[in-house]
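final36.txt (compact mmCIF, C-alpha atoms)
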# COMPACT_ATOMS: atom_id res chain seq x y z
CA MET A 99 -0.65 3.62 44.49
CA ASN A 100 -1.17 7.29 45.36
CA LEU A 101 -3.49 8.38 48.16
CA LYS A 102 -6.15 9.90 45.90
CA ARG A 103 -6.48 6.69 43.88
CA LEU A 104 -6.67 4.61 47.06
CA VAL A 105 -9.43 6.82 48.48
CA PHE A 106 -11.33 6.59 45.19
CA LEU A 107 -11.12 2.79 45.12
CA VAL A 108 -12.22 2.51 48.75
CA CYS A 109 -15.24 4.75 48.08
CA LEU A 110 -16.13 2.81 44.94
CA LEU A 111 -15.92 -0.50 46.79
CA SER A 112 -18.12 0.87 49.58
CA ILE A 113 -20.77 1.93 47.07
CA ILE A 114 -20.72 -1.46 45.35
CA LEU A 115 -20.97 -3.36 48.63
CA ALA A 116 -23.80 -1.14 49.84
CA THR A 117 -25.67 -1.71 46.60
CA LEU A 118 -25.18 -5.47 46.67
CA THR A 119 -26.45 -5.76 50.23
CA SER A 120 -29.38 -3.37 49.86
CA SER A 121 -32.96 -4.56 49.92
CA ALA A 122 -35.83 -3.49 47.71
CA GLN A 123 -37.03 -0.07 48.75
CA SER A 124 -40.43 -0.57 47.15
CA GLN A 125 -42.05 -3.65 45.71
CA TRP A 126 -45.25 -5.64 45.31
CA ARG A 127 -47.49 -5.74 48.44
CA GLY A 128 -45.03 -4.15 50.82
CA PRO A 129 -41.55 -4.94 52.13
CA ASN A 130 -42.30 -8.64 52.74
CA ARG A 131 -44.77 -9.15 49.87
CA ASP A 132 -47.45 -10.05 52.44
CA GLY A 133 -49.67 -6.96 52.21
CA ILE A 134 -48.53 -5.57 55.58
CA TYR A 135 -47.12 -2.03 55.53
CA PRO A 136 -45.00 -0.75 58.45
CA GLU A 137 -46.79 2.60 58.66
CA THR A 138 -47.88 4.15 61.95
CA ASN A 139 -49.88 7.17 63.15
CA LEU A 140 -52.62 6.69 60.56
CA LEU A 141 -56.24 7.78 60.75
CA LYS A 142 -58.49 5.41 62.70
CA GLN A 143 -61.61 6.71 60.97
CA TRP A 144 -62.28 8.53 57.70
CA PRO A 145 -64.89 11.15 56.86
CA ALA A 146 -67.98 9.74 55.14
CA GLU A 147 -66.72 10.95 51.75
CA GLY A 148 -63.30 9.40 52.39
CA PRO A 149 -59.95 10.89 53.41
CA LYS A 150 -58.64 14.03 51.72
CA MET A 151 -57.48 13.46 48.15
CA LEU A 152 -54.07 15.09 47.72
CA TRP A 153 -53.77 14.64 43.98
CA SER A 154 -54.83 12.50 41.05
CA PHE A 155 -53.73 11.67 37.52
CA GLN A 156 -56.10 10.28 34.90
CA GLU A 157 -53.87 9.66 31.88
CA LEU A 158 -52.05 6.45 32.81
CA GLY A 159 -53.92 4.42 30.25
CA THR A 160 -55.07 0.89 30.87
CA GLY A 161 -53.40 -1.14 33.61
CA GLN A 162 -53.81 -3.05 36.85
CA GLY A 163 -50.33 -2.67 38.35
CA SER A 164 -49.84 -0.99 41.72
CA VAL A 165 -47.49 1.91 42.37
CA ALA A 166 -43.99 1.77 43.80
CA VAL A 167 -42.90 4.67 46.03
CA SER A 168 -39.20 5.28 46.67
CA LYS A 169 -37.02 8.29 47.43
CA GLU A 170 -39.80 10.85 46.92
CA LYS A 171 -40.80 9.33 43.59
CA VAL A 172 -43.90 7.36 42.56
CA PHE A 173 -43.61 4.83 39.73
CA VAL A 174 -46.44 3.12 37.86
CA THR A 175 -46.97 1.54 34.43
CA GLY A 176 -49.77 1.98 31.89
CA ILE A 177 -50.74 1.73 28.23
CA PRO A 178 -52.12 5.16 27.21
CA ASP A 179 -53.09 4.03 23.70
CA THR A 180 -54.12 0.40 23.22
CA LEU A 181 -54.01 0.87 19.43
CA THR A 182 -50.24 1.31 19.57
CA SER A 183 -49.88 -1.15 22.53
CA GLU A 184 -46.98 0.94 23.82
CA GLY A 185 -46.34 0.62 27.54
CA PHE A 186 -44.96 3.50 29.60
CA LEU A 187 -43.31 3.81 32.99
CA PHE A 188 -44.54 7.01 34.67
CA ALA A 189 -42.55 8.79 37.38
CA PHE A 190 -44.16 11.41 39.64
CA ASP A 191 -42.92 13.27 42.66
CA THR A 192 -44.97 12.69 45.80
CA LYS A 193 -46.84 15.99 45.23
CA GLY A 194 -48.24 14.71 41.94
CA LYS A 195 -45.94 16.40 39.42
CA LEU A 196 -45.20 14.19 36.41
CA LEU A 197 -41.40 14.05 36.26
CA TRP A 198 -41.13 11.89 33.15
CA LYS A 199 -42.67 8.99 31.31
CA LYS A 200 -40.67 6.46 29.35
CA SER A 201 -41.76 3.88 26.78
CA TYR A 202 -40.50 0.35 27.37
CA GLY A 203 -42.06 -1.12 24.21
CA LYS A 204 -45.17 -3.16 23.55
CA ASP A 205 -47.34 -4.31 26.45
CA TRP A 206 -50.39 -6.51 26.83
CA THR A 207 -53.50 -5.61 24.82
CA GLY A 208 -54.99 -9.12 24.63
CA ILE A 209 -57.66 -10.47 26.99
CA PHE A 210 -58.18 -7.94 29.82
CA PRO A 211 -55.67 -5.44 28.34
CA GLY A 212 -53.34 -3.43 30.53
CA ALA A 213 -49.92 -3.11 32.09
CA ARG A 214 -49.74 -5.67 34.88
CA SER A 215 -46.42 -5.54 36.69
CA THR A 216 -45.84 -3.48 39.81
CA PRO A 217 -42.39 -1.86 39.52
CA THR A 218 -39.67 -2.97 41.89
CA VAL A 219 -37.32 -0.17 42.92
CA VAL A 220 -33.87 -0.76 44.41
CA ASP A 221 -31.65 2.27 45.01
CA ASN A 222 -31.62 4.16 41.70
CA LEU A 223 -32.92 1.34 39.48
CA VAL A 224 -36.48 0.40 38.52
CA TYR A 225 -37.41 -3.08 37.29
CA ILE A 226 -40.59 -3.91 35.39
CA GLU A 227 -42.00 -6.93 33.58
CA SER A 228 -44.35 -6.40 30.65
CA GLY A 229 -47.44 -8.46 29.96
CA ASN A 230 -45.78 -9.51 26.70
CA GLY A 231 -42.93 -11.16 28.62
CA SER A 232 -40.01 -8.75 28.70
CA VAL A 233 -38.02 -7.51 31.68
CA HIS A 234 -36.59 -3.99 31.75
CA CYS A 235 -34.11 -2.20 34.01
CA LEU A 236 -34.35 1.60 33.93
CA LYS A 237 -32.75 4.47 35.81
CA ALA A 238 -35.06 5.98 38.40
CA ASP A 239 -33.78 9.49 37.67
CA ASN A 240 -34.78 9.72 34.03
CA GLY A 241 -36.13 6.40 32.75
CA GLU A 242 -33.05 5.57 30.69
CA GLU A 243 -33.07 1.85 29.92
CA LEU A 244 -29.93 -0.03 30.93
CA TRP A 245 -30.89 -3.50 29.71
CA ASN A 246 -33.80 -5.73 28.79
CA VAL A 247 -34.49 -9.40 28.11
CA ASP A 248 -37.29 -11.12 26.23
CA PHE A 249 -38.82 -14.32 27.62
CA PHE A 250 -39.59 -15.72 24.17
CA LYS A 251 -36.45 -14.76 22.27
CA ASP A 252 -33.98 -15.29 25.09
CA PHE A 253 -35.54 -18.08 27.17
CA GLN A 254 -37.98 -20.01 24.92
CA ALA A 255 -40.96 -19.26 27.13
CA ASP A 256 -44.48 -20.57 26.63
CA SER A 257 -47.21 -17.95 26.20
CA VAL A 258 -49.83 -17.43 28.91
CA GLN A 259 -53.50 -16.67 28.32
CA PHE A 260 -53.82 -13.37 30.20
CA GLY A 261 -50.32 -11.90 29.84
CA PHE A 262 -47.35 -12.09 32.21
CA SER A 263 -48.29 -10.42 35.50
CA GLU A 264 -45.35 -11.16 37.78
CA SER A 265 -43.68 -8.37 39.78
CA ILE A 266 -39.91 -8.72 39.76
CA LEU A 267 -38.17 -10.09 42.88
CA ILE A 268 -34.75 -8.68 43.80
CA ASP A 269 -32.26 -10.01 46.35
CA GLY A 270 -28.77 -8.52 46.50
CA ASP A 271 -27.33 -8.66 42.98
CA LYS A 272 -29.90 -11.23 41.78
CA LEU A 273 -33.16 -10.66 39.93
CA TYR A 274 -35.61 -13.57 39.96
CA CYS A 275 -38.37 -14.01 37.36
CA THR A 276 -40.48 -16.71 35.72
CA PRO A 277 -40.46 -17.09 31.92
CA GLY A 278 -42.16 -20.48 32.22
CA GLY A 279 -41.67 -23.25 29.70
CA LYS A 280 -39.67 -26.44 29.74
CA GLU A 281 -36.07 -25.27 30.03
CA ASN A 282 -35.92 -21.81 31.62
CA ASN A 283 -38.92 -22.05 33.91
CA MET A 284 -37.43 -19.78 36.58
CA ILE A 285 -34.24 -17.81 36.16
CA ALA A 286 -31.86 -15.65 38.17
CA LEU A 287 -30.26 -12.71 36.38
CA ASN A 288 -27.59 -10.25 37.43
CA ARG A 289 -29.74 -7.22 38.18
CA PHE A 290 -27.09 -4.76 36.96
CA THR A 291 -26.46 -6.40 33.58
CA GLY A 292 -29.33 -8.78 32.82
CA LYS A 293 -26.89 -11.67 32.35
CA MET A 294 -28.04 -15.10 33.48
CA ILE A 295 -26.74 -16.47 36.79
CA TRP A 296 -28.75 -19.68 36.74
CA SER A 297 -31.69 -21.24 34.96
CA SER A 298 -34.03 -23.89 36.33
CA PRO A 299 -36.46 -26.12 34.41
CA ALA A 300 -38.45 -26.49 37.67
CA PHE A 301 -41.54 -28.58 36.79
CA ARG A 302 -41.40 -27.54 33.09
CA GLU A 303 -44.79 -25.82 33.15
CA LYS A 304 -46.13 -22.54 31.83
CA ALA A 305 -45.81 -19.51 34.05
CA THR A 306 -48.86 -18.23 35.83
CA TYR A 307 -49.67 -14.82 37.34
CA CYS A 308 -47.96 -15.14 40.71
CA SER A 309 -45.11 -13.05 42.09
CA PRO A 310 -42.61 -15.27 43.94
CA ILE A 311 -41.16 -14.84 47.43
CA LEU A 312 -37.71 -15.56 48.84
CA ILE A 313 -37.57 -17.00 52.35
CA ASN A 314 -34.85 -17.90 54.82
CA HIS A 315 -35.99 -21.18 56.32
CA ASN A 316 -33.62 -22.37 59.06
CA GLY A 317 -30.73 -20.88 57.10
CA HIS A 318 -31.89 -22.36 53.79
CA ARG A 319 -32.73 -19.79 51.12
CA LEU A 320 -35.80 -20.86 49.13
CA LEU A 321 -37.74 -19.34 46.26
CA VAL A 322 -41.44 -20.18 46.51
CA ASN A 323 -43.58 -19.70 43.44
CA LEU A 324 -46.56 -21.06 41.51
CA THR A 325 -46.67 -22.29 37.94
CA SER A 326 -49.72 -23.46 36.01
CA THR A 327 -50.60 -26.46 38.22
CA SER A 328 -47.89 -26.40 40.89
CA ILE A 329 -46.58 -24.82 44.03
CA ILE A 330 -42.78 -25.12 43.84
CA GLY A 331 -39.82 -24.54 46.13
CA LEU A 332 -36.40 -23.87 44.59
CA ASN A 333 -32.92 -23.43 46.01
CA ALA A 334 -32.43 -19.68 45.58
CA ASP A 335 -28.69 -20.03 45.04
CA ASN A 336 -28.72 -22.48 42.12
CA GLY A 337 -32.36 -23.00 41.03
CA GLU A 338 -32.54 -26.68 41.97
CA MET A 339 -36.15 -27.70 42.61
CA GLN A 340 -36.59 -28.95 46.18
CA TRP A 341 -40.26 -29.88 46.14
CA ARG A 342 -43.54 -29.56 44.26
CA VAL A 343 -47.18 -29.66 45.44
CA HIS A 344 -50.02 -29.99 42.95
CA GLN A 345 -52.38 -26.97 42.95
CA PHE A 346 -55.21 -26.65 40.45
CA GLN A 347 -57.28 -23.71 39.25
CA ASP A 348 -59.60 -23.88 36.25
CA ASN A 349 -57.94 -21.21 34.10
CA LYS A 350 -54.54 -21.87 35.67
CA ILE A 351 -54.68 -18.43 37.27
CA HIS A 352 -52.56 -18.49 40.40
CA ALA A 353 -52.29 -14.77 41.08
CA ASN A 354 -51.84 -14.64 44.87
CA THR A 355 -48.35 -14.44 46.32
CA PRO A 356 -47.52 -17.12 48.94
CA VAL A 357 -47.07 -16.07 52.57
CA TYR A 358 -44.44 -17.68 54.82
CA PHE A 359 -44.53 -17.92 58.62
CA ASP A 360 -43.02 -20.23 61.26
CA GLY A 361 -41.81 -22.82 58.74
CA LYS A 362 -45.19 -22.87 56.98
CA LEU A 363 -46.59 -21.52 53.72
CA LEU A 364 -50.07 -20.27 52.87
CA ILE A 365 -51.22 -20.29 49.24
CA SER A 366 -54.63 -19.28 47.84
CA SER A 367 -56.27 -20.09 44.50
CA ALA A 368 -59.83 -19.61 43.29
CA SER A 369 -61.33 -22.96 42.40
CA ARG A 370 -63.20 -25.46 44.56
CA LYS A 371 -62.25 -28.30 42.23
CA ASP A 372 -59.45 -30.76 42.80
CA SER A 373 -56.63 -29.38 44.97
CA SER A 374 -57.42 -25.68 45.16
CA GLY A 375 -58.69 -23.14 47.67
CA LEU A 376 -56.47 -22.01 50.57
CA VAL A 377 -53.78 -24.52 51.48
CA MET A 378 -51.19 -24.58 54.26
CA LEU A 379 -47.90 -26.41 53.75
CA GLN A 380 -45.37 -27.44 56.39
CA LEU A 381 -41.71 -27.35 55.31
CA SER A 382 -39.20 -29.91 56.53
CA PRO A 383 -36.36 -28.46 58.66
CA ASP A 384 -33.99 -28.41 55.66
CA GLY A 385 -36.66 -27.00 53.31
CA LYS A 386 -36.35 -29.92 50.89
CA GLN A 387 -39.85 -31.25 51.46
CA ALA A 388 -43.31 -29.73 51.82
CA GLU A 389 -46.39 -31.49 53.17
CA ILE A 390 -50.03 -30.40 53.10
CA VAL A 391 -51.38 -29.65 56.58
CA TRP A 392 -54.91 -28.61 55.59
CA ARG A 393 -57.03 -27.16 52.81
CA ASN A 394 -59.96 -24.76 53.06
CA LYS A 395 -62.07 -24.91 49.90
CA GLU A 396 -64.56 -22.28 51.08
CA PHE A 397 -62.02 -19.48 50.56
CA ILE A 398 -62.29 -18.61 46.86
CA ASN A 399 -59.79 -15.80 46.41
CA LEU A 400 -58.48 -15.29 42.86
CA MET A 401 -56.10 -12.31 43.14
CA GLY A 402 -57.05 -10.07 46.06
CA GLY A 403 -54.37 -11.38 48.41
CA PHE A 404 -54.91 -12.01 52.09
CA ILE A 405 -53.50 -10.91 55.43
CA LEU A 406 -52.02 -13.21 58.05
CA LYS A 407 -52.35 -11.69 61.50
CA ASP A 408 -52.05 -13.29 64.95
CA GLY A 409 -52.63 -16.80 63.66
CA PHE A 410 -55.63 -16.00 61.45
CA VAL A 411 -56.05 -15.39 57.73
CA TYR A 412 -58.23 -12.47 56.61
CA GLY A 413 -59.29 -11.95 52.99
CA GLY A 414 -62.16 -11.47 50.59
CA ALA A 415 -63.92 -13.83 48.19
CA TYR A 416 -63.66 -13.26 44.46
CA LEU A 417 -66.53 -11.01 43.27
CA GLN A 418 -68.65 -11.87 46.31
CA PRO A 419 -69.61 -9.88 49.45
CA LYS A 420 -67.68 -12.19 51.75
CA TRP A 421 -64.73 -11.47 54.06
CA PHE A 422 -63.25 -14.55 55.68
CA CYS A 423 -61.46 -15.20 58.94
CA ILE A 424 -59.68 -18.59 58.94
CA ASP A 425 -57.82 -20.24 61.80
CA THR A 426 -54.33 -21.32 60.71
CA GLN A 427 -54.23 -23.99 63.42
CA THR A 428 -57.17 -25.92 62.00
CA GLY A 429 -57.84 -24.46 58.56
CA LEU A 430 -61.47 -23.95 59.56
CA THR A 431 -63.46 -20.81 58.79
CA LYS A 432 -64.13 -18.82 61.97
CA TYR A 433 -66.69 -16.52 60.34
CA ILE A 434 -67.71 -14.81 57.09
CA ALA A 435 -68.61 -11.10 57.15
CA LYS A 436 -70.87 -9.82 54.35
CA GLU A 437 -70.81 -6.03 54.70
CA LEU A 438 -68.44 -5.43 51.78
CA GLY A 439 -67.62 -6.89 48.39
CA GLY A 440 -64.46 -8.97 48.13
CA GLY A 441 -61.24 -7.69 46.58
CA PRO A 442 -57.66 -6.63 47.36
CA VAL A 443 -56.69 -6.15 51.00
CA ILE A 444 -53.67 -4.65 52.75
CA TYR A 445 -52.94 -3.89 56.42
CA ALA A 446 -51.27 -1.08 58.38
CA ASP A 447 -51.28 0.37 61.88
CA GLY A 448 -53.78 -2.16 63.25
CA LEU A 449 -56.42 -1.81 60.52
CA PHE A 450 -57.39 -3.43 57.22
CA TYR A 451 -57.69 -1.51 53.95
CA CYS A 452 -60.20 -3.34 51.76
CA TYR A 453 -60.89 -2.50 48.12
CA ALA A 454 -64.10 -4.04 46.76
CA GLU A 455 -63.33 -5.12 43.20
CA LYS A 456 -66.95 -5.28 42.04
CA ASP A 457 -68.39 -2.11 43.58
CA GLY A 458 -65.26 0.04 43.72
CA GLU A 459 -65.63 0.85 47.41
CA MET A 460 -62.61 1.50 49.60
CA ALA A 461 -63.10 0.53 53.24
CA LEU A 462 -61.21 0.95 56.48
CA ALA A 463 -61.94 -2.01 58.76
CA SER A 464 -60.99 -3.55 62.06
CA GLY A 465 -60.98 -7.28 62.60
CA ASN A 466 -60.00 -10.06 64.95
CA SER A 467 -60.83 -13.73 65.37
CA GLU A 468 -64.33 -12.88 66.60
CA GLN A 469 -65.59 -10.14 64.29
CA PHE A 470 -64.92 -7.95 61.24
CA ASN A 471 -66.12 -4.34 61.42
CA ILE A 472 -66.33 -1.77 58.62
CA ILE A 473 -65.34 1.59 60.13
CA THR A 474 -65.71 3.78 57.03
CA LYS A 475 -66.12 3.18 53.32
CA PHE A 476 -66.40 5.41 50.28
CA LYS A 477 -66.78 5.04 46.53
CA ILE A 478 -63.66 5.46 44.39
CA PRO A 479 -64.52 8.51 42.25
CA LEU A 480 -62.18 8.19 39.25
CA GLY A 481 -61.23 5.57 36.68
CA THR A 482 -62.99 2.93 34.62
CA ALA A 483 -63.13 -0.86 34.18
CA GLN A 484 -61.89 -3.37 36.77
CA HIS A 485 -60.90 -2.49 40.34
CA TRP A 486 -57.97 -4.91 40.43
CA ALA A 487 -54.86 -2.92 41.40
CA HIS A 488 -53.83 -3.43 45.01
CA PRO A 489 -53.67 -0.26 47.14
CA VAL A 490 -50.33 0.92 48.53
CA ILE A 491 -49.48 2.87 51.69
CA ALA A 492 -46.33 4.99 51.85
CA ASP A 493 -45.37 7.93 54.07
CA GLY A 494 -48.90 8.37 55.37
CA ASN A 495 -50.46 8.38 51.90
CA LEU A 496 -52.87 5.84 50.41
CA TYR A 497 -52.34 5.18 46.68
CA ILE A 498 -55.30 3.75 44.75
CA ARG A 499 -55.01 2.90 41.08
CA HIS A 500 -58.23 2.35 39.11
CA ASN A 501 -57.19 1.54 35.56
CA GLU A 502 -56.23 4.88 33.94
CA ALA A 503 -56.62 6.88 37.16
CA LEU A 504 -54.25 7.20 40.13
CA MET A 505 -55.61 8.77 43.32
CA VAL A 506 -53.54 9.70 46.37
CA TYR A 507 -55.18 10.22 49.78
CA ASP A 508 -53.83 11.70 53.00
CA ILE A 509 -54.42 9.13 55.76
CA LYS A 510 -52.00 10.56 58.34
CA ASN A 511 -53.52 11.02 61.79
Mind turning this structure into structure tokens?
Amino acid sequence: MNLKRLVFLVCLLSIILATLTSSAQSQWRGPNRDGIYPETNLLKQWPAEGPKMLWSFQELGTGQGSVAVSKEKVFVTGIPDTLTSEGFLFAFDTKGKLLWKKSYGKDWTGIFPGARSTPTVVDNLVYIESGNGSVHCLKADNGEELWNVDFFKDFQADSVQFGFSESILIDGDKLYCTPGGKENNMIALNRFTGKMIWSSPAFREKATYCSPILINHNGHRLLVNLTSTSIIGLNADNGEMQWRVHQFQDNKIHANTPVYFDGKLLISSASRKDSSGLVMLQLSPDGKQAEIVWRNKEFINLMGGFILKDGFVYGGAYLQPKWFCIDTQTGLTKYIAKELGGGPVIYADGLFYCYAEKDGEMALASGNSEQFNIITKFKIPLGTAQHWAHPVIADGNLYIRHNEALMVYDIKN
């Protein structure tokens, strides 16, 4: 083998290994899917009218998905024309210039129409899931599609009432997603080719609206997800179901991503009936069992997410002016603040960013186990319909999506 060929092969191998070991550069609710963003040097107070808006775009079309920001690009999905039902992936630079938009086919125009999935970006690839149940892998540079799969044609999925809303989970060369149904309930695909690595029947239920997490529990790699009436834990390497805990919500809407800490899991649903509300599970040392520690049925959070900080859970009630603080040791509510409507919440640099889904107010807040304090709040000026998309913080900018409108604010100190 000549020297040039050897050098080429070594470089190629290095690129492949680097790709396989890379982690998602941008994904749903931050690097750990827990709503906490590792940003620093952010404003501790905003002007009364809100921080400075750097740019906006009002032609996304209908959608509730958040943005993904990676390598000086901003990605977001939308359906500009609900008559055609065609979904597009938009790519902007961080100054607001539209670089390209690419159709990925039909998206959800049923009940509460709109593109749902938040893109997941790894290196130069973007992964999206449509509300109609298809997964697409596209090049970040130009939107060229490399592969796609269809939950119904390829995996015999069962339909869901409000459209598939999962944001793709990537780990190494694996892509995890949830078609639902009796045979291919959760699957792992090769993220470069779309070919199946494993398929799991799990509990043979329909999918719901949750985005799964992958955890390393005492050296055991587990996928934690929700299906229509279940919290499930799967072996991430082969899909074998390790445990299942019953979790009920009236419309079978489990839209909040689980949060893992210290061998425990927190899961929130939005019904007081049966086994719902906020529940904490304790995993066995080998991760093959999960037991309920406590339930808090006061906390009625449908899809706004919550923040776990210093042993306390902070989050808003669905469509109500209530912000909860809950002690993870006891499961008891410490207090309920009523200065702001409930909705999505994220956290960065010591402060909470709260987006009131009913009133469309964006608030900067401080909070601890004793009190919750609104520092500044302002009305979101653009967009129509529901305030459901979760805000995103990247490189000192706050990204707020309100249906067809994307607004970007400078929150650097």
Using all atoms listed in the file, can you tell me which of A:Lys142, A:Lys150, A:Lys280, A:Arg393 comes closest to A:Asn495?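 Using all atoms listed in the file, A:Asn495 sits closest to A:Lys150.
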Taking all atoms listed in the file into account, name the residue in A:Ile209, A:Ile424, A:Ala461, A:Ile285 that is nearest to A:Leu438. A:Ala461
Do you have the atom CA of A:Val322-atom CA of A:Leu496 distance handy? 28.7 Å
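Counting only C-alpha atoms, stretch 400-416 of chain A has the following residues at most 7 Å away, ignoring those fewer than 6 positions along the same chain: Asp132, Gly133, Ala353, Asn354, Ser367, Ala368, Phe422, Cys423, Ile424, Asp425, Thr426, Gly440, Gly441, Pro442, Val443, Ile444 and Ser467 of chain A.
Take the candidates A:Leu223, A:Ile351, A:Val233, A:Met151 and check each one against A:Gln123 using only C-alpha atoms; the shortest distance goes to A:Leu223.
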Using all atoms listed in the file for the distances, tell me which of A:Gly429, A:Pro489, A:Gly448, A:Gly331 is nearest to A:Gly375. A:Gly429
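One distance worth recording is that between atom CA of A:Cys275 and atom CA of A:Leu236, which is 16.5 Å.
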How big is the axis-aligned box around the listed atoms of stretch 451-466 of chain A once 3 Å is added on each side, and where is its centre? Give both in Å to one decimal, as JSON.
{"center_x": -63.0, "center_y": -4.3, "center_z": 53.5, "size_x": 16.7, "size_y": 17.6, "size_z": 28.9}
For A:Asn288: contacts at 10 Å, all atoms listed in the file, fewer than 2 positions along chain excluded, given as a list in words: Ile268, Gly270, Asp271, Lys272, Leu273, Tyr274, Ala286, Phe290, Thr291, Gly292, Lys293, Met294, Ile295 and Trp296 of chain A
Find the residues near A:Ile491: any atom within 10 Å, counting all atoms listed in the file, skip ones fewer than 2 places away on the same chain, and give them as a ChimeraX atom specification. /A:127-128,133-137,165-167,444-446,451,489,493-498,506-509
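With distances restricted to only C-alpha atoms, A:Leu379 is the closest residue to A:Gln345 from A:Ala483, A:Ile313, A:Leu379, A:Leu504.
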What separation in Å, quoted to one decimal, exists between atom CA of A:Ile398 and atom CA of A:Met378? 14.6 Å
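Across A:Pro479, A:Pro356, A:Pro129, A:Gly231, the tightest approach to A:Val219 is made by A:Pro129 when counting only C-alpha atoms.
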